[in-house]
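**Q** Below is the file entry_3.cif, with mmCIF, C-alpha atoms.
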data_model
loop_
_atom_site.label_atom_id
_atom_site.label_comp_id
_atom_site.auth_asym_id
_atom_site.auth_seq_id
_atom_site.Cartn_x
_atom_site.Cartn_y
_atom_site.Cartn_z
CA MET A 1 0.00 0.00 0.00
CA ASN A 2 1.44 3.35 -1.06
CA LYS A 3 -0.09 6.00 1.19
CA GLY A 4 0.96 9.01 -0.88
CA ASN A 5 -0.21 12.50 0.09
CA VAL A 6 -3.61 12.64 1.80
CA VAL A 7 -5.81 15.39 0.36
CA ASP A 8 -8.20 17.26 2.68
CA MET A 9 -11.19 16.76 0.36
CA LYS A 10 -14.29 18.87 0.90
CA TYR A 11 -17.82 18.47 -0.44
CA TYR A 12 -20.32 21.17 -1.36
CA SER A 13 -24.05 21.02 -1.94
CA LEU A 14 -25.20 21.29 -5.53
CA ASN A 15 -27.95 23.61 -4.27
CA LYS A 16 -25.12 25.93 -3.09
CA HIS A 17 -26.84 26.97 0.17
CA SER A 18 -25.08 24.75 2.73
CA PRO A 19 -21.59 24.81 4.28
CA VAL A 20 -18.86 22.65 2.77
CA VAL A 21 -18.17 19.44 4.70
CA ASP A 22 -15.66 16.61 4.74
CA PHE A 23 -16.25 13.02 3.58
CA LYS A 24 -17.37 11.92 7.04
CA GLU A 25 -20.12 14.51 7.35
CA ALA A 26 -21.22 14.07 3.73
CA THR A 27 -21.54 10.31 4.32
CA ILE A 28 -23.44 10.70 7.57
CA ARG A 29 -25.81 13.36 6.24
CA GLY A 30 -26.53 11.81 2.84
CA LEU A 31 -28.26 14.99 1.67
CA ALA A 32 -27.04 18.48 2.51
CA PRO A 33 -29.25 20.65 4.77
CA ASP A 34 -30.46 22.57 1.70
CA LYS A 35 -31.57 19.21 0.17
CA GLY A 36 -28.78 19.27 -2.40
CA LEU A 37 -26.51 16.36 -3.31
CA TYR A 38 -22.92 16.60 -2.15
CA PHE A 39 -20.19 16.94 -4.76
CA PRO A 40 -16.38 16.88 -4.36
CA SER A 41 -14.71 20.28 -4.35
CA ILE A 42 -11.98 19.06 -6.71
CA ILE A 43 -11.72 16.19 -9.18
CA PRO A 44 -8.47 14.36 -8.30
CA ARG A 45 -6.19 13.45 -11.19
CA ILE A 46 -5.25 9.78 -11.43
CA ASP A 47 -1.51 9.23 -11.36
CA ASP A 48 -0.30 8.28 -14.86
CA SER A 49 1.86 5.53 -13.35
CA LEU A 50 -1.27 3.71 -12.16
CA LEU A 51 -2.69 3.65 -15.67
CA LEU A 52 0.63 2.59 -17.21
CA ASN A 53 1.04 -0.33 -14.79
CA ILE A 54 -2.61 -1.13 -14.18
CA GLU A 55 -2.46 -4.68 -15.59
CA ASN A 56 0.08 -5.62 -12.91
CA THR A 57 -1.58 -3.74 -10.05
CA PRO A 58 -3.80 -5.67 -7.61
CA ASN A 59 -7.45 -4.60 -7.57
CA GLU A 60 -7.17 -3.61 -3.90
CA GLU A 61 -4.34 -1.21 -4.71
CA ILE A 62 -6.26 0.27 -7.64
CA ALA A 63 -9.38 0.80 -5.53
CA PHE A 64 -7.34 2.33 -2.71
CA LYS A 65 -5.62 4.81 -5.01
CA VAL A 66 -8.89 5.79 -6.66
CA ILE A 67 -10.89 6.35 -3.47
CA MET A 68 -8.30 7.68 -1.02
CA PRO A 69 -8.36 11.29 -2.32
CA PHE A 70 -12.15 11.39 -1.83
CA VAL A 71 -11.96 10.05 1.74
CA GLY A 72 -9.34 12.62 2.65
CA LYS A 73 -8.28 12.73 6.29
CA THR A 74 -11.50 11.28 7.72
CA ILE A 75 -10.26 7.65 7.81
CA THR A 76 -6.65 6.49 8.07
CA PRO A 77 -5.07 5.09 4.88
CA GLU A 78 -4.58 1.72 6.62
CA LYS A 79 -8.31 1.51 7.45
CA VAL A 80 -9.34 2.62 3.94
CA PHE A 81 -7.19 -0.14 2.45
CA GLU A 82 -8.87 -2.65 4.78
CA ILE A 83 -12.32 -1.36 3.78
CA VAL A 84 -11.71 -1.55 0.03
CA SER A 85 -10.17 -5.01 0.39
CA GLU A 86 -13.36 -6.24 2.07
CA THR A 87 -15.52 -4.35 -0.42
CA ILE A 88 -14.15 -6.00 -3.57
CA ASN A 89 -13.29 -9.51 -2.37
CA PHE A 90 -15.07 -11.15 -5.31
CA PRO A 91 -14.33 -11.34 -9.06
CA ILE A 92 -15.33 -8.56 -11.50
CA PRO A 93 -14.41 -10.21 -14.84
CA LEU A 94 -14.52 -8.81 -18.35
CA TYR A 95 -16.07 -11.44 -20.64
CA GLN A 96 -15.90 -11.30 -24.44
CA VAL A 97 -19.39 -11.89 -25.86
CA ASN A 98 -18.52 -11.38 -29.52
CA LYS A 99 -15.81 -9.81 -31.66
CA ASN A 100 -16.56 -6.22 -30.64
CA ILE A 101 -18.64 -6.44 -27.46
CA PHE A 102 -17.51 -7.30 -23.93
CA SER A 103 -19.51 -7.77 -20.74
CA LEU A 104 -18.22 -6.42 -17.44
CA GLU A 105 -19.86 -8.84 -15.01
CA LEU A 106 -20.80 -7.01 -11.83
CA PHE A 107 -22.97 -9.76 -10.36
CA HIS A 108 -20.43 -11.97 -8.58
CA GLY A 109 -20.91 -10.34 -5.16
CA PRO A 110 -23.08 -11.61 -2.29
CA THR A 111 -26.41 -10.28 -3.65
CA MET A 112 -25.52 -10.82 -7.32
CA ALA A 113 -25.83 -7.15 -8.30
CA PHE A 114 -23.47 -4.27 -9.02
CA LYS A 115 -24.64 -2.38 -5.96
CA ASP A 116 -22.77 -4.76 -3.66
CA VAL A 117 -19.62 -2.65 -4.09
CA GLY A 118 -21.17 0.67 -3.08
CA ALA A 119 -23.23 -0.83 -0.26
CA ARG A 120 -20.30 -2.73 1.25
CA PHE A 121 -18.00 0.29 1.06
CA MET A 122 -20.56 2.64 2.56
CA SER A 123 -21.60 0.29 5.38
CA ARG A 124 -18.00 -0.04 6.52
CA CYS A 125 -17.32 3.70 6.32
CA LEU A 126 -20.53 4.56 8.16
CA GLY A 127 -19.80 1.94 10.81
CA GLU A 128 -16.45 3.64 11.36
CA PHE A 129 -18.06 7.09 11.61
CA VAL A 130 -20.97 6.37 14.00
CA LYS A 131 -19.25 4.31 16.68
CA ASP A 132 -19.94 6.99 19.28
CA ALA A 133 -23.20 8.47 17.94
CA ALA A 134 -25.46 9.91 20.65
CA LYS A 135 -28.69 9.17 18.76
CA LYS A 136 -29.95 5.97 17.15
CA VAL A 137 -28.53 5.73 13.62
CA VAL A 138 -31.08 4.88 10.92
CA VAL A 139 -30.10 4.23 7.31
CA LEU A 140 -33.15 5.11 5.23
CA VAL A 141 -33.20 4.00 1.60
CA ALA A 142 -35.58 3.64 -1.33
CA THR A 143 -34.99 0.86 -3.85
CA SER A 144 -36.22 0.12 -7.36
CA GLY A 145 -34.63 -3.32 -7.30
CA ASP A 146 -31.08 -4.23 -6.37
CA THR A 147 -30.18 -1.41 -3.98
CA GLY A 148 -32.34 -2.85 -1.21
CA GLY A 149 -30.72 -6.29 -1.19
CA ALA A 150 -27.21 -4.89 -1.41
CA VAL A 151 -27.80 -2.42 1.41
CA ALA A 152 -29.50 -5.07 3.56
CA ASN A 153 -26.57 -7.45 3.07
CA GLY A 154 -23.96 -4.74 3.59
CA PHE A 155 -25.44 -3.45 6.87
CA TYR A 156 -26.87 -6.71 8.26
CA GLY A 157 -25.82 -7.18 11.85
CA GLU A 158 -23.98 -3.83 12.08
CA ASP A 159 -24.00 -2.68 15.69
CA ASN A 160 -25.95 0.51 16.47
CA ILE A 161 -27.37 0.86 12.94
CA GLU A 162 -31.00 0.22 11.92
CA VAL A 163 -31.80 -0.02 8.20
CA VAL A 164 -35.22 0.93 6.78
CA ILE A 165 -35.80 0.04 3.12
CA LEU A 166 -38.78 1.26 1.08
CA TYR A 167 -39.65 -0.65 -2.09
CA PRO A 168 -42.61 -0.47 -4.51
CA SER A 169 -45.04 -3.35 -4.07
CA GLY A 170 -45.17 -5.76 -7.01
CA LYS A 171 -42.46 -3.91 -8.92
CA VAL A 172 -39.33 -5.80 -7.89
CA SER A 173 -38.50 -9.39 -8.80
CA PRO A 174 -39.15 -12.22 -6.30
CA VAL A 175 -35.42 -12.73 -5.65
CA GLN A 176 -34.84 -8.99 -5.21
CA GLU A 177 -37.73 -8.80 -2.76
CA MET A 178 -36.56 -11.71 -0.63
CA GLN A 179 -33.00 -10.38 -0.51
CA LEU A 180 -34.28 -7.40 1.47
CA CYS A 181 -37.25 -9.04 3.22
CA ALA A 182 -35.76 -12.26 4.60
CA LEU A 183 -33.09 -10.96 6.96
CA GLY A 184 -34.90 -9.33 9.85
CA LYS A 185 -32.79 -8.29 12.86
CA ASN A 186 -31.69 -4.69 12.12
CA ILE A 187 -33.15 -4.71 8.57
CA HIS A 188 -36.71 -3.33 8.21
CA ALA A 189 -38.45 -3.73 4.81
CA LEU A 190 -41.45 -1.50 3.98
CA GLU A 191 -43.58 -2.58 1.01
CA ILE A 192 -45.00 0.66 -0.39
CA ASP A 193 -48.25 0.79 -2.36
CA GLY A 194 -46.81 2.98 -5.11
CA SER A 195 -43.86 3.54 -7.46
CA PHE A 196 -40.13 3.90 -6.81
CA ASP A 197 -40.51 7.67 -7.21
CA ASP A 198 -43.12 7.57 -4.41
CA CYS A 199 -40.61 5.71 -2.23
CA GLN A 200 -37.84 8.17 -3.05
CA SER A 201 -40.13 11.14 -2.37
CA MET A 202 -41.05 9.75 1.07
CA VAL A 203 -37.37 9.26 1.90
CA LYS A 204 -36.49 12.81 0.87
CA LYS A 205 -39.31 14.22 3.02
CA ALA A 206 -38.02 12.24 6.00
CA PHE A 207 -34.61 13.86 5.65
CA SER A 208 -36.17 17.33 5.79
CA ASP A 209 -38.52 16.59 8.70
CA THR A 210 -37.52 18.39 11.91
CA ASP A 211 -39.15 15.93 14.31
CA ILE A 212 -37.52 12.87 12.77
CA ASN A 213 -34.09 14.41 12.68
CA LYS A 214 -34.40 15.63 16.26
CA ASN A 215 -34.91 12.05 17.45
CA LEU A 216 -32.87 10.00 14.98
CA PHE A 217 -29.45 10.12 13.35
CA LEU A 218 -30.77 9.72 9.80
CA THR A 219 -28.66 8.91 6.74
CA SER A 220 -29.21 7.39 3.31
CA ALA A 221 -27.67 4.50 1.38
CA ASN A 222 -29.03 5.43 -2.04
CA SER A 223 -26.54 6.56 -4.67
CA ILE A 224 -27.30 10.12 -3.53
CA ASN A 225 -24.82 9.31 -0.74
CA VAL A 226 -21.22 9.98 -1.72
CA ALA A 227 -20.02 6.79 0.00
CA ARG A 228 -22.37 4.74 -2.20
CA TRP A 229 -21.71 6.68 -5.37
CA LEU A 230 -17.92 7.18 -5.42
CA PRO A 231 -16.70 3.55 -5.13
CA GLN A 232 -18.62 2.68 -8.29
CA GLN A 233 -15.62 4.17 -10.10
CA PHE A 234 -13.80 0.92 -9.30
CA TYR A 235 -15.71 -0.97 -12.02
CA TYR A 236 -14.35 1.22 -14.77
CA PHE A 237 -10.74 0.93 -13.65
CA PHE A 238 -11.06 -2.85 -13.36
CA ALA A 239 -12.54 -2.95 -16.87
CA TYR A 240 -9.62 -0.91 -18.24
CA LYS A 241 -7.18 -3.20 -16.43
CA GLN A 242 -8.59 -6.14 -18.42
CA TRP A 243 -8.96 -4.23 -21.72
CA LYS A 244 -6.32 -5.55 -24.10
CA GLU A 245 -6.30 -2.72 -26.66
CA LYS A 246 -5.11 0.10 -24.42
CA GLU A 247 -4.31 2.26 -27.46
CA HIS A 248 -8.02 2.13 -28.39
CA PRO A 249 -10.08 2.93 -25.26
CA PRO A 250 -13.53 1.33 -25.13
CA VAL A 251 -17.01 2.67 -25.62
CA ILE A 252 -18.87 1.94 -22.36
CA ALA A 253 -22.64 1.39 -22.21
CA VAL A 254 -24.21 1.73 -18.77
CA PRO A 255 -27.76 0.58 -17.96
CA SER A 256 -29.07 3.75 -16.33
CA GLY A 257 -31.86 4.35 -13.82
CA ASN A 258 -30.90 6.81 -11.08
CA PHE A 259 -27.65 7.53 -13.02
CA GLY A 260 -25.22 7.02 -10.14
CA ASN A 261 -23.31 4.28 -11.97
CA LEU A 262 -22.89 6.26 -15.20
CA CYS A 263 -21.98 9.36 -13.21
CA ALA A 264 -19.25 7.41 -11.38
CA GLY A 265 -17.83 6.29 -14.72
CA MET A 266 -17.84 9.86 -15.96
CA LEU A 267 -16.08 10.96 -12.78
CA ALA A 268 -13.39 8.33 -13.43
CA TYR A 269 -13.09 9.68 -16.99
CA CYS A 270 -12.74 13.26 -15.76
CA SER A 271 -10.02 11.99 -13.40
CA GLY A 272 -8.03 10.68 -16.36
CA LEU A 273 -9.31 7.17 -17.10
CA PRO A 274 -9.25 6.55 -20.89
CA VAL A 275 -12.77 6.08 -22.28
CA HIS A 276 -13.72 6.69 -25.91
CA HIS A 277 -17.41 7.37 -25.32
CA PHE A 278 -20.21 6.70 -22.84
CA ILE A 279 -23.70 5.46 -23.62
CA ALA A 280 -26.62 6.04 -21.28
CA ALA A 281 -28.63 2.88 -21.94
CA CYS A 282 -32.21 3.63 -20.85
CA ASN A 283 -35.49 1.77 -20.88
CA ALA A 284 -38.80 3.57 -21.52
CA ASN A 285 -37.92 5.99 -18.71
CA ASP A 286 -35.96 8.27 -20.98
CA ALA A 287 -35.83 11.75 -19.43
CA VAL A 288 -32.04 11.94 -19.81
CA ALA A 289 -32.08 10.44 -23.30
CA GLN A 290 -34.56 13.10 -24.35
CA TYR A 291 -32.37 15.78 -22.80
CA LEU A 292 -29.40 14.67 -24.87
CA ILE A 293 -31.53 14.80 -28.01
CA LYS A 294 -33.43 18.04 -27.36
CA GLY A 295 -31.32 19.93 -24.82
CA ILE A 296 -34.27 20.29 -22.44
CA TYR A 297 -34.64 18.24 -19.27
CA TYR A 298 -37.98 17.44 -17.74
CA PRO A 299 -38.89 14.51 -15.48
CA LYS A 300 -41.62 12.11 -16.53
CA PRO A 301 -44.03 9.81 -14.69
CA VAL A 302 -42.50 6.38 -14.14
CA LYS A 303 -43.22 3.67 -16.69
CA HIS A 304 -42.92 0.13 -15.36
CA THR A 305 -40.70 -2.14 -17.44
CA PHE A 306 -38.94 -5.52 -17.43
CA SER A 307 -35.77 -3.71 -16.28
CA ASN A 308 -37.33 -2.56 -13.03
CA ALA A 309 -34.16 -1.26 -11.36
CA MET A 310 -34.07 1.42 -14.08
CA ASP A 311 -37.67 2.55 -13.62
CA VAL A 312 -36.88 6.08 -12.50
CA GLY A 313 -38.66 9.10 -13.96
CA ASP A 314 -36.53 11.81 -12.34
CA PRO A 315 -33.00 10.45 -11.75
CA SER A 316 -31.32 12.07 -8.75
CA ASN A 317 -27.73 11.79 -9.99
CA PHE A 318 -28.31 13.63 -13.24
CA VAL A 319 -27.50 16.90 -11.46
CA ARG A 320 -24.06 15.48 -10.64
CA ILE A 321 -23.49 14.62 -14.29
CA MET A 322 -24.42 18.18 -15.26
CA GLU A 323 -22.04 19.55 -12.62
CA LEU A 324 -19.21 17.43 -14.05
CA PHE A 325 -19.82 19.01 -17.45
CA GLU A 326 -20.47 22.54 -16.20
CA ASN A 327 -24.18 22.31 -17.05
CA ASP A 328 -23.19 22.47 -20.70
CA HIS A 329 -25.29 20.33 -23.04
CA LYS A 330 -22.68 20.51 -25.80
CA GLN A 331 -19.86 19.31 -23.51
CA LEU A 332 -21.94 16.36 -22.38
CA LEU A 333 -22.83 15.42 -25.96
CA LYS A 334 -19.15 15.16 -26.90
CA ILE A 335 -18.63 12.20 -24.57
CA THR A 336 -22.15 10.77 -24.19
CA SER A 337 -24.93 9.29 -26.29
CA ALA A 338 -28.21 7.77 -25.12
CA PHE A 339 -30.61 5.12 -26.35
CA SER A 340 -34.06 4.16 -25.08
CA ILE A 341 -34.74 0.41 -25.43
CA SER A 342 -38.26 -1.02 -25.29
CA ASP A 343 -39.37 -4.12 -23.39
CA GLU A 344 -39.95 -5.86 -26.71
CA ASP A 345 -36.39 -5.14 -27.87
CA THR A 346 -35.06 -6.18 -24.46
CA MET A 347 -36.66 -9.61 -24.89
CA VAL A 348 -35.43 -9.92 -28.47
CA THR A 349 -31.88 -9.09 -27.37
CA ILE A 350 -31.87 -11.64 -24.52
CA LYS A 351 -33.11 -14.32 -26.92
CA LYS A 352 -30.70 -13.42 -29.74
CA VAL A 353 -27.56 -13.22 -27.58
CA PHE A 354 -28.45 -16.48 -25.82
CA HIS A 355 -28.92 -18.39 -29.07
CA ASP A 356 -26.13 -16.74 -31.07
CA GLN A 357 -23.45 -16.31 -28.41
CA GLN A 358 -24.55 -18.74 -25.66
CA TYR A 359 -24.47 -15.83 -23.22
CA THR A 360 -27.35 -15.14 -20.82
CA LEU A 361 -28.26 -11.51 -20.22
CA ASP A 362 -30.46 -10.06 -17.53
CA PRO A 363 -32.95 -7.37 -18.71
CA HIS A 364 -30.71 -4.50 -17.61
CA GLY A 365 -27.62 -5.96 -19.25
CA ALA A 366 -29.68 -6.58 -22.40
CA ILE A 367 -30.46 -2.87 -22.61
CA GLY A 368 -26.76 -2.07 -22.22
CA TYR A 369 -25.88 -4.63 -24.89
CA MET A 370 -28.43 -3.37 -27.42
CA ALA A 371 -27.56 0.29 -26.86
CA LEU A 372 -23.88 -0.52 -27.39
CA GLU A 373 -24.66 -2.58 -30.49
CA LYS A 374 -26.64 0.32 -31.97
CA TYR A 375 -23.80 2.74 -31.33
CA LEU A 376 -21.15 0.44 -32.81
CA GLU A 377 -23.26 -0.10 -35.93
CA SER A 378 -23.12 3.65 -36.55
CA ASN A 379 -19.45 3.90 -35.58
CA PRO A 380 -17.63 1.00 -37.28
CA GLY A 381 -14.14 0.10 -36.12
CA LEU A 382 -14.87 0.66 -32.44
CA LYS A 383 -15.24 -1.88 -29.65
CA GLY A 384 -17.01 -1.56 -26.37
CA ILE A 385 -18.10 -2.80 -22.96
CA PHE A 386 -21.58 -3.01 -21.49
CA LEU A 387 -22.14 -3.37 -17.76
CA GLU A 388 -23.98 -6.58 -16.83
CA THR A 389 -25.40 -5.24 -13.59
CA ALA A 390 -27.31 -8.23 -12.17
CA HIS A 391 -27.33 -12.00 -12.43
CA PRO A 392 -30.06 -13.25 -14.81
CA VAL A 393 -31.34 -15.60 -12.10
CA LYS A 394 -32.84 -12.55 -10.40
CA PHE A 395 -35.29 -12.19 -13.31
CA PRO A 396 -36.34 -15.77 -14.05
CA GLY A 397 -39.73 -15.06 -15.62
CA ILE A 398 -38.35 -12.70 -18.26
CA VAL A 399 -35.09 -14.54 -19.00
CA GLU A 400 -36.67 -18.02 -19.11
CA LYS A 401 -39.40 -16.81 -21.48
CA ALA A 402 -36.84 -15.20 -23.80
CA CYS A 403 -34.35 -18.08 -23.79
CA GLY A 404 -36.72 -21.03 -23.52
CA ILE A 405 -34.73 -22.54 -20.64
CA LYS A 406 -35.19 -23.07 -16.94
CA ILE A 407 -32.65 -21.12 -14.86
CA LYS A 408 -31.38 -23.08 -11.89
CA LEU A 409 -31.27 -21.17 -8.63
CA PRO A 410 -27.88 -21.18 -6.92
CA SER A 411 -28.03 -23.03 -3.61
CA GLN A 412 -27.88 -19.84 -1.53
CA LEU A 413 -30.92 -18.46 -3.37
CA GLU A 414 -32.89 -21.69 -2.95
CA THR A 415 -32.46 -21.31 0.80
CA LEU A 416 -33.33 -17.61 0.63
CA MET A 417 -36.57 -18.16 -1.30
CA GLN A 418 -37.80 -20.55 1.39
CA GLN A 419 -37.51 -17.96 4.16
CA PRO A 420 -40.55 -16.10 5.51
CA LYS A 421 -41.16 -12.66 4.02
CA LEU A 422 -40.55 -10.01 6.69
CA ALA A 423 -42.09 -6.85 5.25
CA LEU A 424 -44.61 -4.29 6.45
CA ALA A 425 -47.18 -3.09 3.88
CA MET A 426 -47.50 0.69 3.89
CA LYS A 427 -49.44 3.36 1.99
CA ALA A 428 -47.41 5.81 -0.10
CA GLU A 429 -47.98 8.55 2.47
CA PHE A 430 -45.20 10.35 4.31
CA SER A 431 -47.22 10.68 7.52
CA VAL A 432 -47.37 6.87 7.83
CA LEU A 433 -43.62 6.57 7.30
CA LYS A 434 -42.99 9.32 9.85
CA ASP A 435 -45.03 7.51 12.50
CA TYR A 436 -43.09 4.32 11.80
CA LEU A 437 -39.67 6.00 12.04
CA MET A 438 -40.57 7.82 15.24
CA GLY A 439 -41.41 4.49 16.83
CA ILE A 440 -38.43 2.50 15.65
#
Would you mind writing the file's structure down as structure tokens?

**A**
Amino acid sequence: MNKGNVVDMKYYSLNKHSPVVDFKEATIRGLAPDKGLYFPSIIPRIDDSLLLNIENTPNEEIAFKVIMPFVGKTITPEKVFEIVSETINFPIPLYQVNKNIFSLELFHGPTMAFKDVGARFMSRCLGEFVKDAAKKVVVLVATSGDTGGAVANGFYGEDNIEVVILYPSGKVSPVQEMQLCALGKNIHALEIDGSFDDCQSMVKKAFSDTDINKNLFLTSANSINVARWLPQQFYYFFAYKQWKEKEHPPVIAVPSGNFGNLCAGMLAYCSGLPVHHFIAACNANDAVAQYLIKGIYYPKPVKHTFSNAMDVGDPSNFVRIMELFENDHKQLLKITSAFSISDEDTMVTIKKVFHDQQYTLDPHGAIGYMALEKYLESNPGLKGIFLETAHPVKFPGIVEKACGIKIKLPSQLETLMQQPKLALAMKAEFSVLKDYLMGI
């Protein structure tokens, strides 16, 4: 471990009406007092020597060097190295699907979804920060799919931390639901009669409620939290490590819902990571795709799709993307394209790739694959990577119908699916959530 110089990183609110804070306070707060998302005061530059020697550098060392400037002086370098080592102690392989398209498989962690990295990193940082908290610490999070399971797994059994997860009833897959509903103990699952945007709205209101915050030490584990968002940069560095044609950086297609993952990749790019182009791969929820086309951003009501983790009508992290590119539409267009992929095309893609390449996609990965394929068709000579964000076993109904096969559940999921469902049904009303939190 090379400690290097520790930067005293600060974070400011994108609403520009709150004091700057360090990584510790930004992690604990989640949202700034003015309801803005925190953003780093500087974008650290990656040392050229890391990129030149990346193929021979252990993943733990890469992750440490990427994240340490953002942590600053709030955690010792030795402890940060320990945290990242625990965070990424599973494979993140780059798999060649065909001549020009590669899959970065982000589903080899404990909950088989890309959010394992952010949730594990954040849970360990927050555990370090709240050891001596005077009030009960409550992690409050809304999920459209995989966030809930990853957060539940990451925080399960953590001393002095209660986790409350809101998810939209009937709009997550059975495996996703059980991954957040089967644990119990310090994990509380609330099944909301509404959409993900309803869940997210209730969470945001809780953070601005005086009574709740007077009684509880409230923080969030959504990608609005810097400790969830920033470690997602690791994926892109690990992909580059495995990319053989370093002289020709890849196009990278990212299945995009709340846009934290794509934003992390763009942050890595702005730090110096070679990327030829980014693709925001969207489903029918295409507010950002329409912005890139028309130059005007407006949120839309949520449309429910096969790729449920991407069913977000007003993505929170889009403001961070705009901050990275100085709120300049033309700057963003130089490095980013977007495609909106229908459910019908998602199914067609899963079927085609399975039969032609013997590779099984989940619905989110299928959207990334098809968006990348479309871009490469219009830009011959390029090659690219799509992010396979979840294991296909988490979406058996869709994948089995498309492929005409029965997906076998891994043994750990067979056990999980037999557990009782521990969830409380709740109306999509903030007053009901407030009463619950005040009594926790």

**Q** CA of Val302 in chain A to CA of Asp343 in chain A: how many Å, to one decimal?

**A** 14.3 Å

**Q** Provide the CA of Thr219 in chain A to CA of Val80 in chain A distance in Å, to one decimal place.

**A**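 Pair CA of Thr219 in chain A / CA of Val80 in chain A returns 20.5 Å.
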
**Q** Between A:Val130, A:Val164, A:Leu372, A:Val151, which residue has the minimum interatomic distance to Lys115 in chain A, considering all atoms listed in the file?

**A** A:Val151

**Q** Let me know the residues the PyMOL selection byres ((chain A and resi 18-31) around 9) catches in the file above, as a ChimeraX atom specification.

**A** /A:8-17,32-38,40-41,70-75,122,125-126,129-130,204,207,217-222,224-228

**Q** Go through A:Gln232, A:Asn56, A:Asn308, A:Ser316 and flag the residue nearest Gln176 in chain A, using all atoms listed in the file for the distances.

**A**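 Smallest distance to Gln176 in chain A is found for A:Asn308.
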
**Q** With distances taken over only C-alpha atoms, which residue among A:Leu292, A:Ile54, A:Met68, A:Ala206 lies nearest Met438 in chain A?

**A**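 That would be A:Ala206, the residue with the smallest distance to Met438 in chain A.
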
**Q** Near Tyr167 in chain A, counting only C-alpha atoms, which residues have an atom at most 7 Å away, once you skip same-chain residues fewer than 4 positions from it, shown as a list in words?

**A**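 Final neighbour list, sorted by chain and number: Ala142, Thr143, Ser144, Leu190, Glu191, Ile192, Phe196 and Cys199 of chain A.
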
**Q** On this file, the PyMOL selection byres ((chain A and resi 263-265) around 10) gives some set of residues; write that set as a ChimeraX atom specification.

**A** /A:223,229-237,252,254,256,258-262,266-271,273,275,278,280,317-322,324

**Q** Apply the PyMOL selection byres ((chain A and resi 194) around 7) to the file shown and report the selected residues as a list in words.

**A**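 Taken over the shown coordinates, the PyMOL selection byres ((chain A and resi 194) around 7) returns Pro168, Ser169, Ile192, Asp193, Ser195, Phe196, Asp198 and Ala428 of chain A.
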